[in-house]
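In what follows, a structure is listed as structure tokens, so that the remarks can point back to it.
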Amino acid sequence: MQKPSAGPHKVKASSANGGGTSVILKESKDKTPAKKILKTKKPSMPVHEAYSDDYDEDRNRRDGKTSNNGLSLGTNNYARAESKSSQDQLRQLLFTVKAVRRGEFSARLPVGQEGIIAEIGEVLNDIIEMNENMANEFVRVRSTVGQEGKMTERVSLGSVKGAWATSVDSVNMLIGDLVQPTTEVARVITSVARGDLSQKMFLEIDGRTVKGEFFRIGTTVNAMVDQLNSFASEVTRVAKEVGTEGKLGGQADVRGASGIWRDLTDNVNNLAGNLTDQVRNIAKVTTAVAKGDLSQKITVDAKGEIFELKNTINVMVDQLSSFAAEVTRVAKEVGTEGRLGGQADVKGVSGTWKDLTDNVNGLANNLTAQVRNIAKVTTAVAKGDLSQKITVDARGEILELKNTINVMVDQLNSFAYLRVSPCRHDAFVFQQLVV
């Protein structure tokens with residue numbers, strides 16, 4: 001036979017329109033069907049008071065102490081006082097729960113009392129304290145991670161279980177999921193700032209492909225790195241070809257570039273294009289000068305030092321043209337037309353060009369002085385004046401010509417002397433001279 005349960009009585013009270021006769025169902029200890037007990041109570045009597053009256057009546061019946069209405073007056077008064085205390089505790093519990101509902105986690109239910117309500121209060125206080133700790137942790141982590149940038153900080157509530165542990169783990173996983181893409185972006189951007197364009201964002205975290213905004217940010221950052229790589233490679237190639245290897249005409253081709261990258265590419269190409277045009281024009285003119293063509297000049301647009309170089313080369317070509325024209329004129333006048341005394345006049349020349357001009361003029365002067373001196377002496381001889389001799393400084397073949405003419409003049413002088421001498425052997429002497 002099963003032993004009856006020793007648990008407390010369980011009572012259910014119901015009333016119609018808040019008053020009149022109530023039916024109280026009372027379950028016995030041996031789980032037998034509840035029996036109906038009819039009792040009359042005041043309309044304003046709470047449920048817990050009905051429970052207390054029924055409990056006191058049952059106890060008095062067992063003790064054989066009943067009043068005229070079936071209740072012990074002393075016991076009933078005690079029950080009512082105890083009921084009032086329970087109401088106060090329940091009211092405090094209600095106030096505390098409402099405060100927690102408003103988010104006031106500093107609220108606590110007073111402790112130190114006994115009974116089931118006191119036990120409920122202790123458990124409730126523990127729950128409120130746990131919520132308060134969690135709220136404080138959220139604030140701390142928000143400040144530490146979100147404002148101070150300490151990405152490794154996480155929520156910690158100590159040793160918790162169940163939904164508390166699940167909540168903490170979920171928040172920490174959320175922080176990790178948010179921090180990981182940020183860390184990846186920072187890693188890639190730091191590498192780019194250091195000139196390392198080999199790094200890219202990982203689009204998978206712990207084997208999971210990132211999605212949404214994280215995926216968009218990742219693909220955008222990686223596209224930026226790709227464009228920087230392409231731009232750097234093309235600029236390096238063009239700079240090497242044009243600036244180092246001398247392969248003019250190179251152009252950078254950065255596919256898919258737009259905005260500032262398109263502008264940078266265009267600027268590099270303009271630089272290479274301008275440099276190519278300028279160098280090729282300079283090469284064309286200097287090559288023409290080297291071949292003796294002084295009709296070419298640099299006409300390409302240029303600024304700065306390239307403009308100065310352009311002007312310098314054009315001035316050089318002008319001076320060379322002037323020098324060549326003057327030398328040609330003097331050479332033609334003196335050497336071809338026989339007009340002695342001509343001098344080259346090259347305006348604004350200096351250095352070697354001045355020396356060359358002076359040398360040409362020195363040549364013309366020497367040639368003029370020598371030819372004129374020779375002409376003077378030969379003219380005097382032709383006129384029978386044998387007193388003149390060539391006295392101009394001369395060298396080389398001109399010196400030989402000078403000496404020959406002077407010897408001729410001396411011989412003619414001797415011949416003239418013999419012709420007027422009375423000696424008889426003059427004919428013999430002249431004959432010997434002629435021989």
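Residue names in the structure tokens use chain letters A, B, ... in the order shown, residue numbers from 1 in each chain, and ligand numbers from 1 in the order shown.
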
Item to check | Residue neighbourhood region 383-395 of chain A, 9 Å, only C-alpha atoms, exclusion window fewer than 6 positions, as a ChimeraX atom specification | outcome: /A:366,369-370,373-374,376-377,402-403,405-406,409-410,412-413

How would the residues just chosen look if you wrote them out with N, CA, C and O atoms as an mmCIF file, in the first residue's frame?
data_model
loop_
_atom_site.group_PDB
_atom_site.id
_atom_site.type_symbol
_atom_site.label_atom_id
_atom_site.label_comp_id
_atom_site.auth_asym_id
_atom_site.auth_seq_id
_atom_site.Cartn_x
_atom_site.Cartn_y
_atom_site.Cartn_z
ATOM 1 N N ASN A 366 95.461 88.172 -91.804
ATOM 2 C CA ASN A 366 96.803 87.748 -92.220
ATOM 3 C C ASN A 366 96.886 87.582 -93.728
ATOM 4 O O ASN A 366 97.862 88.015 -94.373
ATOM 5 N N ALA A 369 96.878 91.011 -95.339
ATOM 6 C CA ALA A 369 98.161 91.719 -95.181
ATOM 7 C C ALA A 369 99.234 91.100 -96.064
ATOM 8 O O ALA A 369 100.031 91.829 -96.710
ATOM 9 N N GLN A 370 99.293 89.788 -96.120
ATOM 10 C CA GLN A 370 100.321 89.119 -96.923
ATOM 11 C C GLN A 370 100.115 89.369 -98.415
ATOM 12 O O GLN A 370 101.062 89.722 -99.147
ATOM 13 N N ASN A 373 100.885 92.956 -99.284
ATOM 14 C CA ASN A 373 102.317 93.252 -99.259
ATOM 15 C C ASN A 373 102.993 92.686 -100.504
ATOM 16 O O ASN A 373 103.850 93.349 -101.134
ATOM 17 N N ILE A 374 102.580 91.459 -100.851
ATOM 18 C CA ILE A 374 103.142 90.852 -102.062
ATOM 19 C C ILE A 374 102.741 91.674 -103.286
ATOM 20 O O ILE A 374 103.560 91.944 -104.195
ATOM 21 N N LYS A 376 102.057 94.791 -103.419
ATOM 22 C CA LYS A 376 102.757 96.074 -103.394
ATOM 23 C C LYS A 376 104.159 95.944 -103.967
ATOM 24 O O LYS A 376 104.612 96.781 -104.783
ATOM 25 N N VAL A 377 104.856 94.876 -103.527
ATOM 26 C CA VAL A 377 106.241 94.683 -103.974
ATOM 27 C C VAL A 377 106.274 94.353 -105.465
ATOM 28 O O VAL A 377 107.103 94.910 -106.233
ATOM 29 N N LYS A 402 107.359 84.611 -99.925
ATOM 30 C CA LYS A 402 107.951 85.888 -99.521
ATOM 31 C C LYS A 402 109.448 85.889 -99.797
ATOM 32 O O LYS A 402 109.995 86.855 -100.402
ATOM 33 N N ASN A 403 110.163 84.848 -99.417
ATOM 34 C CA ASN A 403 111.609 84.761 -99.619
ATOM 35 C C ASN A 403 111.949 84.732 -101.101
ATOM 36 O O ASN A 403 112.932 85.359 -101.550
ATOM 37 N N ILE A 405 110.266 85.983 -103.631
ATOM 38 C CA ILE A 405 110.074 87.311 -104.239
ATOM 39 C C ILE A 405 111.203 88.249 -103.791
ATOM 40 O O ILE A 405 111.738 89.055 -104.600
ATOM 41 N N ASN A 406 111.542 88.188 -102.534
ATOM 42 C CA ASN A 406 112.625 89.064 -102.051
ATOM 43 C C ASN A 406 113.950 88.732 -102.738
ATOM 44 O O ASN A 406 114.739 89.641 -103.073
ATOM 45 N N VAL A 409 113.855 90.131 -106.164
ATOM 46 C CA VAL A 409 114.124 91.582 -106.155
ATOM 47 C C VAL A 409 115.618 91.837 -106.008
ATOM 48 O O VAL A 409 116.193 92.723 -106.679
ATOM 49 N N ASP A 410 116.281 91.071 -105.195
ATOM 50 C CA ASP A 410 117.728 91.235 -105.019
ATOM 51 C C ASP A 410 118.460 90.944 -106.317
ATOM 52 O O ASP A 410 119.416 91.672 -106.709
ATOM 53 N N LEU A 412 117.262 91.092 -109.330
ATOM 54 C CA LEU A 412 116.987 92.165 -110.294
ATOM 55 C C LEU A 412 117.819 93.399 -109.976
ATOM 56 O O LEU A 412 118.295 94.115 -110.890
ATOM 57 N N ASN A 413 117.997 93.654 -108.713
ATOM 58 C CA ASN A 413 118.845 94.770 -108.323
ATOM 59 C C ASN A 413 120.275 94.560 -108.798
ATOM 60 O O ASN A 413 120.935 95.484 -109.327
#

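The smallest atom-to-atom distance between Ser191 (chain A) and any of A:Ala364, A:Val210, A:Val139, A:Val225, using only C-alpha atoms, is found for A:Val225.
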
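Picture a line from CA of Gln296 (chain A) to CA of Ala331 (chain A); it runs 24.1 Å.
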
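For the atom pair formed by CA of Glu400 (chain A) and CA of Arg372 (chain A), the distance is 16.1 Å, given to one decimal.
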
Item to check | Contacts of region 238-253 of chain A within 12 Å, only C-alpha atoms, excl. fewer than 2 positions in-chain, as a PyMOL selection string | outcome: chain A and resi 227+230-236+255-257+261-281+283

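For the pair CA of Met224 (chain A) and CA of Ile205 (chain A), the interatomic distance is 20.7 Å.
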
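Once Asn365 (chain A) and its same-chain neighbours fewer than 6 positions away are set aside, Val334, Leu340, Gly341, Gly342, Gln343, Asn359 and Val371 of chain A remain within 10 Å of it when counting only C-alpha atoms.
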
Next on the checklist: Need to verify the contact set: Phe105 (chain A), 6 Å, only C-alpha atoms, exclusion of same-chain residues closer than 3 positions in sequence. Can you return it as a ChimeraX atom specification?
Outcome noted: /A:100,128,132

Can those selected residues be exported to a file as a tab-separated table (two decimals), in the first residue's frame so that it contains N, CA and C atoms?
chain	number	residue	atom	x	y	z
A	100	VAL	N	12.18	46.66	-11.61
A	100	VAL	CA	13.03	45.91	-12.54
A	100	VAL	C	12.49	46.01	-13.96
A	128	ILE	N	18.13	39.95	-10.21
A	128	ILE	CA	18.31	41.39	-10.48
A	128	ILE	C	19.80	41.74	-10.50
A	132	GLU	N	21.94	43.40	-13.44
A	132	GLU	CA	22.70	44.64	-13.23
A	132	GLU	C	24.15	44.45	-13.66

Next on the checklist: I'd like the contact shell of region 141-143 of chain A - 7 Å cut-off, only C-alpha atoms, skipping same-chain residues fewer than 6 positions apart - returned as a PyMOL selection string.
Outcome noted: chain A and resi 153-155

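The neighbours of Lys310 (chain A) here are the residues that come within 10 Å of it, using only C-alpha atoms and leaving out any residue fewer than 3 positions away in the same chain; they are A:Gln278, A:Asn281, A:Ile282, A:Lys297, A:Ile298, A:Thr299, A:Val300, A:Asp301, A:Ala302, A:Lys303, A:Gly304, A:Glu305, A:Ile306, A:Phe307, A:Ile313, A:Asn314, A:Val315, A:Met316.
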
Checklist outcome for this item: Of A:Lys84, A:Lys347, A:Arg339, A:Lys291, the one sitting nearest Ala325 (chain A) when using only C-alpha atoms is A:Lys347

Item to check | Residue set, region 120-232 of chain A restricted to helix (DSSP H, G or I), as a PyMOL selection string | outcome: chain A and resi 120-147+162-193+212-232

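The closest residue to Thr357 (chain A), picked from A:Ser322, A:Thr190, A:Thr336, A:Thr96 and counting only C-alpha atoms, is A:Ser322.
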